[in-house]
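K.L.:
The structure under discussion is supplied below as structure tokens; questions concerning it will follow.
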Amino acid sequence: MNGDRRKFLKVAGLSAFALTSGLAGLGLPTKANAQLAPGEYGHGDATVHAKRWAMVIDTRQFKSADDYKPLIEACHKAHNVPDIPGDKTIKWLWLDTYEHVFPDDMNEHMSDRVKGAFYPLLCNHCTNPPCVRVCPTQATYKMADGIVAMDYHRCIGCRFCMAGCPYGARSFNFYDPRKYMKEPTNPRFPTRMIGVVEKCTFCAERLAQGLQPACVEAAKGKILFGDLEDPNSSVRKALAANYSIRRKPNLGTQPGVYYLI
Amino acid sequence: MLEKLLSGPKSYYLWLLFLLCVIGLCCIAYAIQLTTGLGVTGLNRDVSWGLYISQFTYFVGVAASAVMLVLPAYFHHYVKFKRMIIFGEFMAVAAVVMCALFIVVDLGQPQRAANVLLHPTPNSVMFYDMIVLIGYLCLNIIIGWTTLEAERLQVDPPKWIKPLVYLSIIWAFSIHTVTAFLYAGVPGRHYWLTAIMAARFLSSAFCSGPAILLLLLFVVRRLTGFNPGKEAIHTLATIIVYAMCVNVFFYCLELFTSFYSNIPGHMEPIHFLFYGHGGELAWVSYFMWAAVIMAFASLAILIPPQTRSGKYLPLALIMLVLASWIDKGLGLLIGGFTPNMYESFTAYMPTGIEITVAIGVYAIGLLVLSLLWKIALGVKRDVGNFCD
């Protein structure tokens with residue numbers, strides 16, 4: 001073995017050791033470290049705040065399944081939701097019939113308008129979310145404003161939350177979602193990896209920028225979004241003035257999504 | 001005592017070689033699953049747990065069942081069990097190893113499994129399940145190894161082992177109770193939301209686990225001449241039949257509550273399991289009916305004392321194990337997820353790769369069991385506690 005090669009191997013070996021053992025990050029002030037300010041992360045100035053975010057969907061104003069299409073497209077585009085065919089699919093916002101959305105409220109003689117219509121489904125962002133209760137790693141957690149959020153990098157993919165959620169709101173990445181994504185992807189929202197669970201986030205990332213959720217924006221007033229704790233909010237006014245229902249209220253989860261029927 | 005592993009007849013080495021080959025082949029299936037994702041399984045958005053988790057559940061029961069030997073021996077000083085206790089404890093070790101592996105192969109991101117310990121979450125039942133299983137594994141290894149070592153040296157086991165043994169008895173109940181809580185605390189899954197789940201789990205474990213133990217010991221008896229003792233076998237068979245009666249009784253309680261209350265959510269999973277959907281039987285329905293027939297047939301053989309100790313005992317035990325396996329290893333998960341959250345029906349059937357991976361875990365369990373039992377048999381032979 002000649003001298004140069006030996007020297008190279010020494011340096012390479014030491015570098016590999018430093019990288020893998022974390023020495024490189026500990027001792028030397030890197031650029032990334034220097035940018036990290038001490039203390040905690042807070043909200044930006046633009047963030048819209050609420051004590052408890054809630055959604056009111058006025059299903060009376062949607063005449064057909066097609067009326068929901070722009071909402072679903074806006075949501076799936078904003079969050080890079082892959083389009084996977086079959087029963088291993090990913091759903092954030094989707095449609096189903098009254099019989100399936102409100103199985104406990106079904107009677108076969110209800111009006112054709114109610115029975116025949118399609119209703120949007122999404123994560124209910126429950127006040128008592130069973131998914132948060134069962135998650136063994138706190139990869140899914142409830143934020144102070146009532147939004148049930150996900151940490152895709154902590155999720156171990158055990159799918160206990162999917163067994164726990166009584167609304168079927170959660171999807172598991174059975175395949176690599178990046179292979180099923182429509183181009184171009186939205187660079188403002190992370191794509192997910194294989195083997196983790198995901199769901200609707202009530203657009204927490206858009207609220208942080210002072211924007212309304214993507215589906216609410218696309219619904220042009222047919223979906224209201226606001227603070228359930230504020231008596232003067234649009235959602236509270238709509239709920240006070242109209243008859244509303246929620247999915248499976250008997251389970252005590254207190255869903256944050258209300259439907260005007 | 002490890003030296004006992006190094007000597008043995010040719011058939012012993014061939015058996016180990018066979019198991020290693022099976023494990024190697026099944027590892028290929030797992031490698032495929034690891035690289036392409038759980039998409040290779042029959043699982044889907046609505047049926048998100050399947051064969052792996054049901055096998056995990058079943059083998060937690062097998063692990064817990066060791067207590068059916070330990071409890072009579074230590075609480076009631078039933079000395080006839082002393083000869084085969086070690087086999088129950090070592091079977092529990094192998095079963096817990098299988099449980100851990102079934103969880104790992106079920107994870108979407110198995111390399112992150114340590115997150116459960118890095119971010120301990122006391123409100124999650126899975127966190128407790130991990131703790132009780134690790135604890136039970138340690139208890140059985142320590143107790144089994146220490147008592148076997150004492151037997152080899154022909155001295156009494158050290159005094160400090162007694163409290164651990166008593167702890168392991170309570171611990172055994174806890175592992176299966178906590179596993180039942182994984183299911184019984186979930187709102188909206190009608191088939192699981194029942195307070196009797198833990199009791200059902202325990203009763204099914206206490207008949208099927210000792211039945212598996214007895215069947216394996218019959219094989220060992222034929223191969224090596226080791227005899228657990230006629231009276232011990234008879235007593236264990238009696239325990240098995242009591243537990244099986246309770247198990248069947250508990251299932252009938254479920255049927256009563258579901259169908260007399262006439263609440264659709266409670267009836268539909270059971271209806272699906274036995275009658276399928278839309279006038280067509282599901283594949284699992286054939287298994288469920290077979291389980292019913294085998295459960296009652298095994299009881300018919302096991303309840304009369306004459307046939308219980310007769311030549312049909314192995315047949316009855318095989319039927320009992322199959323029946324309990326279908327109930328807990330298939331029906332529990334499929335009935336829990338079907339009908340789904342929208343009261344509609346999404347089919348699930350394990351794929352070839354899924355079954356192959358499961359066989360691989362079974363083979364690893366058998367390997368652990370074979371090695372541990374080889375040590376135990378070697379010691380028993382040396383000290384002359386081998387047969388009557």
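Ligands are numbered from 1 in the order shown, residues from 1 within each chain, and chains are lettered A, B, ... in the order they appear in the structure tokens.
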What parts of range 55-180 of chain A does DSSP call strand (DSSP E)? I'd like the answer as a ChimeraX atom specification.
P.N.:
/A:55-58,94-97,118-121,140-142,148-150,171-172
K.L.:
Mind running chain B against chain A at 8 Å and telling me each contacting residue's nearest atom pair with the distance in Å (one decimal), counting only C-alpha atoms, chain and number ascending, as a Markdown table?
P.N.:
| residue | atom | partner | partner_atom | distance |
| --- | --- | --- | --- | --- |
| B:Thr36 | CA | A:Tyr175 | CA | 6.8 |
| B:Gly37 | CA | A:Tyr175 | CA | 5.6 |
| B:Leu38 | CA | A:Phe174 | CA | 5.0 |
| B:Gly39 | CA | A:Phe174 | CA | 4.5 |
| B:Leu43 | CA | A:Lys88 | CA | 7.7 |
| B:Asn44 | CA | A:Lys88 | CA | 4.7 |
| B:Arg45 | CA | A:Lys88 | CA | 5.2 |
| B:Asp46 | CA | A:Gly168 | CA | 7.1 |
| B:Ser48 | CA | A:Arg159 | CA | 6.7 |
| B:Trp49 | CA | A:Arg159 | CA | 7.4 |
| B:Asp106 | CA | A:Cys158 | CA | 6.8 |
| B:Leu107 | CA | A:Cys158 | CA | 4.9 |
| B:Gly108 | CA | A:Gly195 | CA | 3.8 |
| B:Gln109 | CA | A:Ile156 | CA | 4.8 |
| B:Pro110 | CA | A:Ile156 | CA | 6.5 |
| B:Gln111 | CA | A:Ile156 | CA | 8.0 |
| B:Arg112 | CA | A:Ile156 | CA | 5.5 |
| B:Ala113 | CA | A:Ile156 | CA | 6.1 |
| B:Asn115 | CA | A:Thr137 | CA | 5.9 |
| B:Val116 | CA | A:Thr137 | CA | 5.1 |
| B:Leu118 | CA | A:Thr137 | CA | 8.0 |
| B:His119 | CA | A:Thr137 | CA | 5.4 |
| B:Pro120 | CA | A:Thr137 | CA | 6.5 |
| B:Thr121 | CA | A:Pro136 | CA | 5.6 |
| B:Asn123 | CA | A:Arg133 | CA | 5.8 |
| B:Ser124 | CA | A:Val134 | CA | 4.5 |
| B:Val125 | CA | A:Val134 | CA | 6.5 |
| B:Met126 | CA | A:Pro136 | CA | 5.8 |
| B:Phe127 | CA | A:Pro136 | CA | 5.5 |
| B:Val186 | CA | A:Gly164 | CA | 5.3 |
| B:Pro187 | CA | A:Pro166 | CA | 6.4 |
| B:Gly188 | CA | A:Pro166 | CA | 4.9 |
| B:Arg189 | CA | A:Pro166 | CA | 7.3 |
| B:Phe337 | CA | A:Ala163 | CA | 8.0 |
| B:Met341 | CA | A:Gly168 | CA | 5.7 |
| B:Tyr342 | CA | A:His100 | CA | 4.5 |
| B:Glu343 | CA | A:His100 | CA | 6.2 |
| B:Ser344 | CA | A:His100 | CA | 7.1 |
K.L.:
What would the file look like if the residues just selected were written as a JSON list (two decimals), in the first residue's frame with N, CA and C atoms?
P.N.:
[["chain", "number", "residue", "atom", "x", "y", "z"],
["B", 36, "THR", "N", -40.57, -2.39, -1.08],
["B", 36, "THR", "CA", -41.72, -1.86, -1.83],
["B", 36, "THR", "C", -42.82, -1.36, -0.91],
["B", 37, "GLY", "N", -42.74, -1.62, 0.38],
["B", 37, "GLY", "CA", -43.74, -1.11, 1.31],
["B", 37, "GLY", "C", -44.83, -2.12, 1.60],
["B", 38, "LEU", "N", -45.70, -1.77, 2.54],
["B", 38, "LEU", "CA", -46.77, -2.68, 2.95],
["B", 38, "LEU", "C", -47.83, -2.83, 1.86],
["B", 39, "GLY", "N", -47.62, -2.16, 0.73],
["B", 39, "GLY", "CA", -48.50, -2.37, -0.41],
["B", 39, "GLY", "C", -48.51, -3.81, -0.88],
["B", 43, "LEU", "N", -53.48, -5.68, 3.15],
["B", 43, "LEU", "CA", -54.06, -4.60, 3.97],
["B", 43, "LEU", "C", -54.48, -3.45, 3.06],
["B", 44, "ASN", "N", -55.40, -2.64, 3.56],
["B", 44, "ASN", "CA", -55.83, -1.48, 2.79],
["B", 44, "ASN", "C", -56.26, -0.37, 3.73],
["B", 45, "ARG", "N", -56.82, 0.68, 3.15],
["B", 45, "ARG", "CA", -57.16, 1.86, 3.93],
["B", 45, "ARG", "C", -58.19, 1.54, 5.02],
["B", 46, "ASP", "N", -59.11, 0.63, 4.73],
["B", 46, "ASP", "CA", -60.16, 0.32, 5.69],
["B", 46, "ASP", "C", -59.79, -0.82, 6.62],
["B", 48, "SER", "N", -56.75, -1.91, 8.17],
["B", 48, "SER", "CA", -55.37, -1.43, 8.26],
["B", 48, "SER", "C", -54.49, -2.34, 9.13],
["B", 49, "TRP", "N", -55.08, -3.28, 9.82],
["B", 49, "TRP", "CA", -54.32, -4.33, 10.51],
["B", 49, "TRP", "C", -54.81, -5.67, 9.99],
["B", 106, "ASP", "N", -44.93, -5.47, 10.99],
["B", 106, "ASP", "CA", -46.16, -4.75, 10.67],
["B", 106, "ASP", "C", -45.92, -3.24, 10.53],
["B", 107, "LEU", "N", -44.78, -2.76, 11.05],
["B", 107, "LEU", "CA", -44.55, -1.31, 11.06],
["B", 107, "LEU", "C", -44.24, -0.80, 9.65],
["B", 108, "GLY", "N", -44.74, 0.39, 9.37],
["B", 108, "GLY", "CA", -44.42, 1.02, 8.09],
["B", 108, "GLY", "C", -43.00, 1.56, 8.08],
["B", 109, "GLN", "N", -42.52, 2.00, 9.24],
["B", 109, "GLN", "CA", -41.17, 2.54, 9.38],
["B", 109, "GLN", "C", -40.47, 1.81, 10.53],
["B", 110, "PRO", "N", -40.10, 0.53, 10.31],
["B", 110, "PRO", "CA", -39.57, -0.27, 11.44],
["B", 110, "PRO", "C", -38.29, 0.31, 12.05],
["B", 111, "GLN", "N", -37.51, 1.05, 11.26],
["B", 111, "GLN", "CA", -36.26, 1.60, 11.82],
["B", 111, "GLN", "C", -36.53, 2.67, 12.85],
["B", 112, "ARG", "N", -37.80, 3.11, 12.95],
["B", 112, "ARG", "CA", -38.13, 4.13, 13.95],
["B", 112, "ARG", "C", -38.78, 3.51, 15.18],
["B", 113, "ALA", "N", -38.77, 2.18, 15.30],
["B", 113, "ALA", "CA", -39.50, 1.52, 16.38],
["B", 113, "ALA", "C", -39.11, 2.06, 17.75],
["B", 115, "ASN", "N", -38.79, 4.89, 18.66],
["B", 115, "ASN", "CA", -39.54, 6.11, 19.03],
["B", 115, "ASN", "C", -40.54, 5.86, 20.16],
["B", 116, "VAL", "N", -41.01, 4.61, 20.26],
["B", 116, "VAL", "CA", -41.96, 4.29, 21.33],
["B", 116, "VAL", "C", -41.31, 4.50, 22.69],
["B", 118, "LEU", "N", -38.32, 6.40, 22.98],
["B", 118, "LEU", "CA", -37.74, 7.75, 23.00],
["B", 118, "LEU", "C", -38.79, 8.81, 23.34],
["B", 119, "HIS", "N", -40.03, 8.54, 22.95],
["B", 119, "HIS", "CA", -41.12, 9.48, 23.24],
["B", 119, "HIS", "C", -42.21, 8.75, 24.00],
["B", 120, "PRO", "N", -41.93, 8.32, 25.23],
["B", 120, "PRO", "CA", -42.90, 7.51, 25.97],
["B", 120, "PRO", "C", -44.23, 8.23, 26.12],
["B", 121, "THR", "N", -45.30, 7.51, 25.83],
["B", 121, "THR", "CA", -46.63, 8.12, 25.80],
["B", 121, "THR", "C", -47.56, 7.33, 26.71],
["B", 123, "ASN", "N", -50.51, 7.65, 27.65],
["B", 123, "ASN", "CA", -51.92, 7.49, 27.29],
["B", 123, "ASN", "C", -52.12, 6.44, 26.19],
["B", 124, "SER", "N", -51.04, 5.91, 25.63],
["B", 124, "SER", "CA", -51.18, 4.92, 24.58],
["B", 124, "SER", "C", -51.03, 3.51, 25.15],
["B", 125, "VAL", "N", -52.00, 2.65, 24.84],
["B", 125, "VAL", "CA", -51.95, 1.27, 25.33],
["B", 125, "VAL", "C", -50.74, 0.54, 24.74],
["B", 126, "MET", "N", -50.36, 0.94, 23.52],
["B", 126, "MET", "CA", -49.24, 0.26, 22.87],
["B", 126, "MET", "C", -47.93, 0.45, 23.65],
["B", 127, "PHE", "N", -47.81, 1.62, 24.26],
["B", 127, "PHE", "CA", -46.64, 1.90, 25.10],
["B", 127, "PHE", "C", -46.57, 0.90, 26.25],
["B", 186, "VAL", "N", -61.07, 1.14, 21.89],
["B", 186, "VAL", "CA", -61.17, 1.94, 20.68],
["B", 186, "VAL", "C", -62.64, 2.23, 20.36],
["B", 187, "PRO", "N", -63.03, 3.51, 20.30],
["B", 187, "PRO", "CA", -64.43, 3.80, 20.02],
["B", 187, "PRO", "C", -64.73, 3.55, 18.54],
["B", 188, "GLY", "N", -65.90, 3.05, 18.26],
["B", 188, "GLY", "CA", -66.31, 2.95, 16.86],
["B", 188, "GLY", "C", -66.01, 1.62, 16.21],
["B", 189, "ARG", "N", -65.23, 0.74, 16.85],
["B", 189, "ARG", "CA", -65.05, -0.62, 16.31],
["B", 189, "ARG", "C", -65.93, -1.52, 17.15],
["B", 337, "PHE", "N", -62.61, -4.89, 11.60],
["B", 337, "PHE", "CA", -62.49, -3.90, 10.53],
["B", 337, "PHE", "C", -63.60, -4.00, 9.49],
["B", 341, "MET", "N", -65.65, 1.82, 8.80],
["B", 341, "MET", "CA", -66.15, 3.01, 9.48],
["B", 341, "MET", "C", -67.35, 3.65, 8.79],
["B", 342, "TYR", "N", -67.60, 3.25, 7.54],
["B", 342, "TYR", "CA", -68.75, 3.82, 6.82],
["B", 342, "TYR", "C", -69.87, 2.78, 6.73],
["B", 343, "GLU", "N", -69.78, 1.76, 7.59],
["B", 343, "GLU", "CA", -70.74, 0.65, 7.58],
["B", 343, "GLU", "C", -70.82, 0.02, 6.20],
["B", 344, "SER", "N", -69.73, 0.06, 5.45],
["B", 344, "SER", "CA", -69.70, -0.67, 4.19],
["B", 344, "SER", "C", -68.59, -1.72, 4.28]]
K.L.:
Quick one: pick out all alpha helix (DSSP H) residues within range 11-51 of chain B from a backbone DSSP run and write them as a ChimeraX atom specification.
P.N.:
/B:11-36,51
K.L.:
Just write the chosen residues, C-alpha atoms, as a short mmCIF file (atom, residue, chain, number, x, y, z; two decimals), in the first residue's frame.
P.N.:
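Here's the written file part.cif:
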data_model
loop_
_atom_site.label_atom_id
_atom_site.label_comp_id
_atom_site.auth_asym_id
_atom_site.auth_seq_id
_atom_site.Cartn_x
_atom_site.Cartn_y
_atom_site.Cartn_z
CA SER B 11 -31.80 -35.11 13.14
CA TYR B 12 -31.32 -32.19 15.58
CA TYR B 13 -28.88 -30.46 13.26
CA LEU B 14 -31.03 -31.21 10.22
CA TRP B 15 -34.02 -29.66 11.99
CA LEU B 16 -32.02 -26.51 12.80
CA LEU B 17 -30.74 -26.37 9.23
CA PHE B 18 -34.28 -26.74 7.91
CA LEU B 19 -35.51 -23.91 10.13
CA LEU B 20 -32.63 -21.67 9.06
CA CYS B 21 -33.44 -22.35 5.39
CA VAL B 22 -37.11 -21.48 5.95
CA ILE B 23 -36.11 -18.31 7.81
CA GLY B 24 -33.70 -17.37 5.01
CA LEU B 25 -36.33 -17.81 2.32
CA CYS B 26 -38.92 -15.87 4.29
CA CYS B 27 -36.41 -13.07 4.83
CA ILE B 28 -36.49 -12.55 1.06
CA ALA B 29 -40.24 -11.96 1.30
CA TYR B 30 -39.66 -9.48 4.11
CA ALA B 31 -36.95 -7.75 2.08
CA ILE B 32 -39.50 -7.31 -0.72
CA GLN B 33 -41.98 -5.84 1.76
CA LEU B 34 -39.33 -3.58 3.22
CA THR B 35 -38.31 -2.15 -0.14
CA THR B 36 -41.72 -1.86 -1.83
CA LEU B 51 -52.45 -11.19 9.70
#
K.L.:
Please list as a short mmCIF file (atom, residue, chain, number, x, y, z; two decimals) with C-alpha atoms, in the first residue's frame every residue within 6 Å of range 199-212 of chain B, counting only C-alpha atoms and excluding residues in the same chain fewer than 2 positions away.
P.N.:
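Saved to result-v9.cif:
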data_model
loop_
_atom_site.label_atom_id
_atom_site.label_comp_id
_atom_site.auth_asym_id
_atom_site.auth_seq_id
_atom_site.Cartn_x
_atom_site.Cartn_y
_atom_site.Cartn_z
CA GLY B 61 -51.83 -15.40 24.66
CA VAL B 62 -49.48 -18.33 24.14
CA SER B 65 -50.42 -19.33 29.13
CA ILE B 196 -65.34 -8.92 28.15
CA MET B 197 -62.52 -8.73 25.59
CA LEU B 214 -48.91 -30.43 25.34
CA LEU B 215 -48.87 -31.11 21.60
CA ILE B 240 -57.46 -26.81 29.21
CA ALA B 243 -60.57 -22.75 30.05
CA MET B 244 -62.08 -23.82 26.73
CA ASN B 247 -63.88 -19.39 26.29
CA LEU B 317 -56.00 -30.51 21.24
CA VAL B 321 -55.80 -24.92 18.85
#
K.L.:
Using only C-alpha atoms, determine which residues lie at most 10 Å from Lys142 in chain A, disregarding the query and same-chain residues fewer than 6 positions distant; provide the list as a short mmCIF file (atom, residue, chain, number, x, y, z; two decimals) with N, CA and C atoms, in the first residue's frame.
P.N.:
data_model
loop_
_atom_site.label_atom_id
_atom_site.label_comp_id
_atom_site.auth_asym_id
_atom_site.auth_seq_id
_atom_site.Cartn_x
_atom_site.Cartn_y
_atom_site.Cartn_z
N HIS A 125 -60.94 16.74 13.39
CA HIS A 125 -60.19 17.51 14.38
C HIS A 125 -60.96 17.55 15.71
N CYS A 126 -61.18 16.35 16.22
CA CYS A 126 -62.01 16.15 17.41
C CYS A 126 -61.43 16.87 18.64
N THR A 127 -62.31 17.23 19.54
CA THR A 127 -61.86 17.77 20.83
C THR A 127 -61.22 16.65 21.67
N ASN A 128 -61.79 15.44 21.58
CA ASN A 128 -61.22 14.27 22.26
C ASN A 128 -60.78 13.25 21.22
N PRO A 129 -59.68 13.51 20.54
CA PRO A 129 -59.33 12.64 19.41
C PRO A 129 -58.79 11.28 19.84
N CYS A 131 -57.35 9.14 18.00
CA CYS A 131 -56.07 8.88 17.32
C CYS A 131 -54.91 9.39 18.16
N VAL A 132 -55.09 10.55 18.79
CA VAL A 132 -54.04 11.11 19.65
C VAL A 132 -53.88 10.25 20.89
N ARG A 133 -55.01 9.75 21.41
CA ARG A 133 -54.98 8.94 22.61
C ARG A 133 -54.17 7.66 22.38
N VAL A 148 -55.73 18.79 15.05
CA VAL A 148 -55.01 17.54 15.28
C VAL A 148 -53.97 17.41 14.17
N ALA A 149 -52.70 17.46 14.57
CA ALA A 149 -51.62 17.53 13.59
C ALA A 149 -50.81 16.24 13.57
N MET A 150 -49.96 16.12 12.58
CA MET A 150 -49.13 14.91 12.39
C MET A 150 -47.66 15.29 12.25
#
K.L.:
Can you measure CA of Ala114 in chain B to CA of Val40 in chain B for me? One decimal in Å is fine.
P.N.:
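Computed distance, CA of Ala114 in chain B to CA of Val40 in chain B, equals 24.2 Å.
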K.L.:
Counting only C-alpha atoms, what is within 12 Å of Glu3 in chain B, bar same-chain residues fewer than 4 positions away, as a list in words?
P.N.:
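Near Glu3 in chain B, the qualifying residues are Ser7, Gly8, Leu371, Leu372, Lys374, Ile375, Ala376, Gly378 and Val379 of chain B.
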K.L.:
Using only N, CA and C atoms, please write the residues we just selected to a file, as an mmCIF file, in the first residue's frame.
P.N.:
data_model
loop_
_atom_site.group_PDB
_atom_site.id
_atom_site.type_symbol
_atom_site.label_atom_id
_atom_site.label_comp_id
_atom_site.auth_asym_id
_atom_site.auth_seq_id
_atom_site.Cartn_x
_atom_site.Cartn_y
_atom_site.Cartn_z
ATOM 1 N N SER B 7 -24.241 -30.593 21.187
ATOM 2 C CA SER B 7 -24.260 -32.027 20.907
ATOM 3 C C SER B 7 -25.691 -32.469 20.668
ATOM 4 N N GLY B 8 -25.823 -33.419 19.799
ATOM 5 C CA GLY B 8 -27.166 -33.907 19.509
ATOM 6 C C GLY B 8 -27.128 -34.820 18.316
ATOM 7 N N LEU B 371 -33.987 -24.426 20.474
ATOM 8 C CA LEU B 371 -32.709 -24.264 21.165
ATOM 9 C C LEU B 371 -32.910 -24.279 22.683
ATOM 10 N N LEU B 372 -33.921 -23.531 23.142
ATOM 11 C CA LEU B 372 -34.152 -23.468 24.592
ATOM 12 C C LEU B 372 -34.571 -24.831 25.137
ATOM 13 N N LYS B 374 -33.872 -27.686 23.842
ATOM 14 C CA LYS B 374 -32.722 -28.603 23.756
ATOM 15 C C LYS B 374 -31.892 -28.505 25.039
ATOM 16 N N ILE B 375 -31.682 -27.269 25.497
ATOM 17 C CA ILE B 375 -30.930 -27.071 26.739
ATOM 18 C C ILE B 375 -31.666 -27.726 27.906
ATOM 19 N N ALA B 376 -32.964 -27.444 27.992
ATOM 20 C CA ALA B 376 -33.757 -27.968 29.108
ATOM 21 C C ALA B 376 -33.757 -29.496 29.105
ATOM 22 N N GLY B 378 -31.532 -31.472 27.794
ATOM 23 C CA GLY B 378 -30.194 -31.953 28.144
ATOM 24 C C GLY B 378 -29.995 -31.986 29.651
ATOM 25 N N VAL B 379 -30.413 -30.897 30.317
ATOM 26 C CA VAL B 379 -30.263 -30.822 31.771
ATOM 27 C C VAL B 379 -31.120 -31.886 32.445
#
K.L.:
Quick one, how far is CA of Gln254 in chain A from CA of Asn124 in chain A?
P.N.:
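Between CA of Gln254 in chain A and CA of Asn124 in chain A the gap works out to 8.4 Å.
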K.L.:
Could you pull the residues within 12 Å of Ile170 in chain B, counting only C-alpha atoms, minus those fewer than 2 positions along the same chain, as a list in words?
P.N.:
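In the requested format, the answer is Ala64, Ser65, Ala66, Val67, Met68, Val70, Leu71, Phe75, Val132, Gly135, Tyr136, Leu139, Pro163, Leu164, Val165, Tyr166, Leu167, Ser168, Ala172, Phe173, Ser174, Ile175, His176 and Thr177 of chain B.
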K.L.:
Can you tell me how far CA of Cys203 in chain A sits from CA of Arg188 in chain A, in Å to one decimal?
P.N.:
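It comes out at 12.0 Å.
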K.L.:
Leaving out Arg221 in chain B and any residue of its chain fewer than 6 positions from it, which residues lie within 10 Å of it when counting only C-alpha atoms, given as a CSV table (one decimal) with C-alpha atoms, in the first residue's frame?
P.N.:
chain,number,residue,atom,x,y,z
B,215,LEU,CA,-48.9,-31.1,21.6
B,227,ASN,CA,-42.2,-37.8,29.6
B,228,PRO,CA,-43.9,-34.9,31.4
B,386,PHE,CA,-36.5,-37.2,32.3
B,387,CYS,CA,-39.3,-39.7,32.7
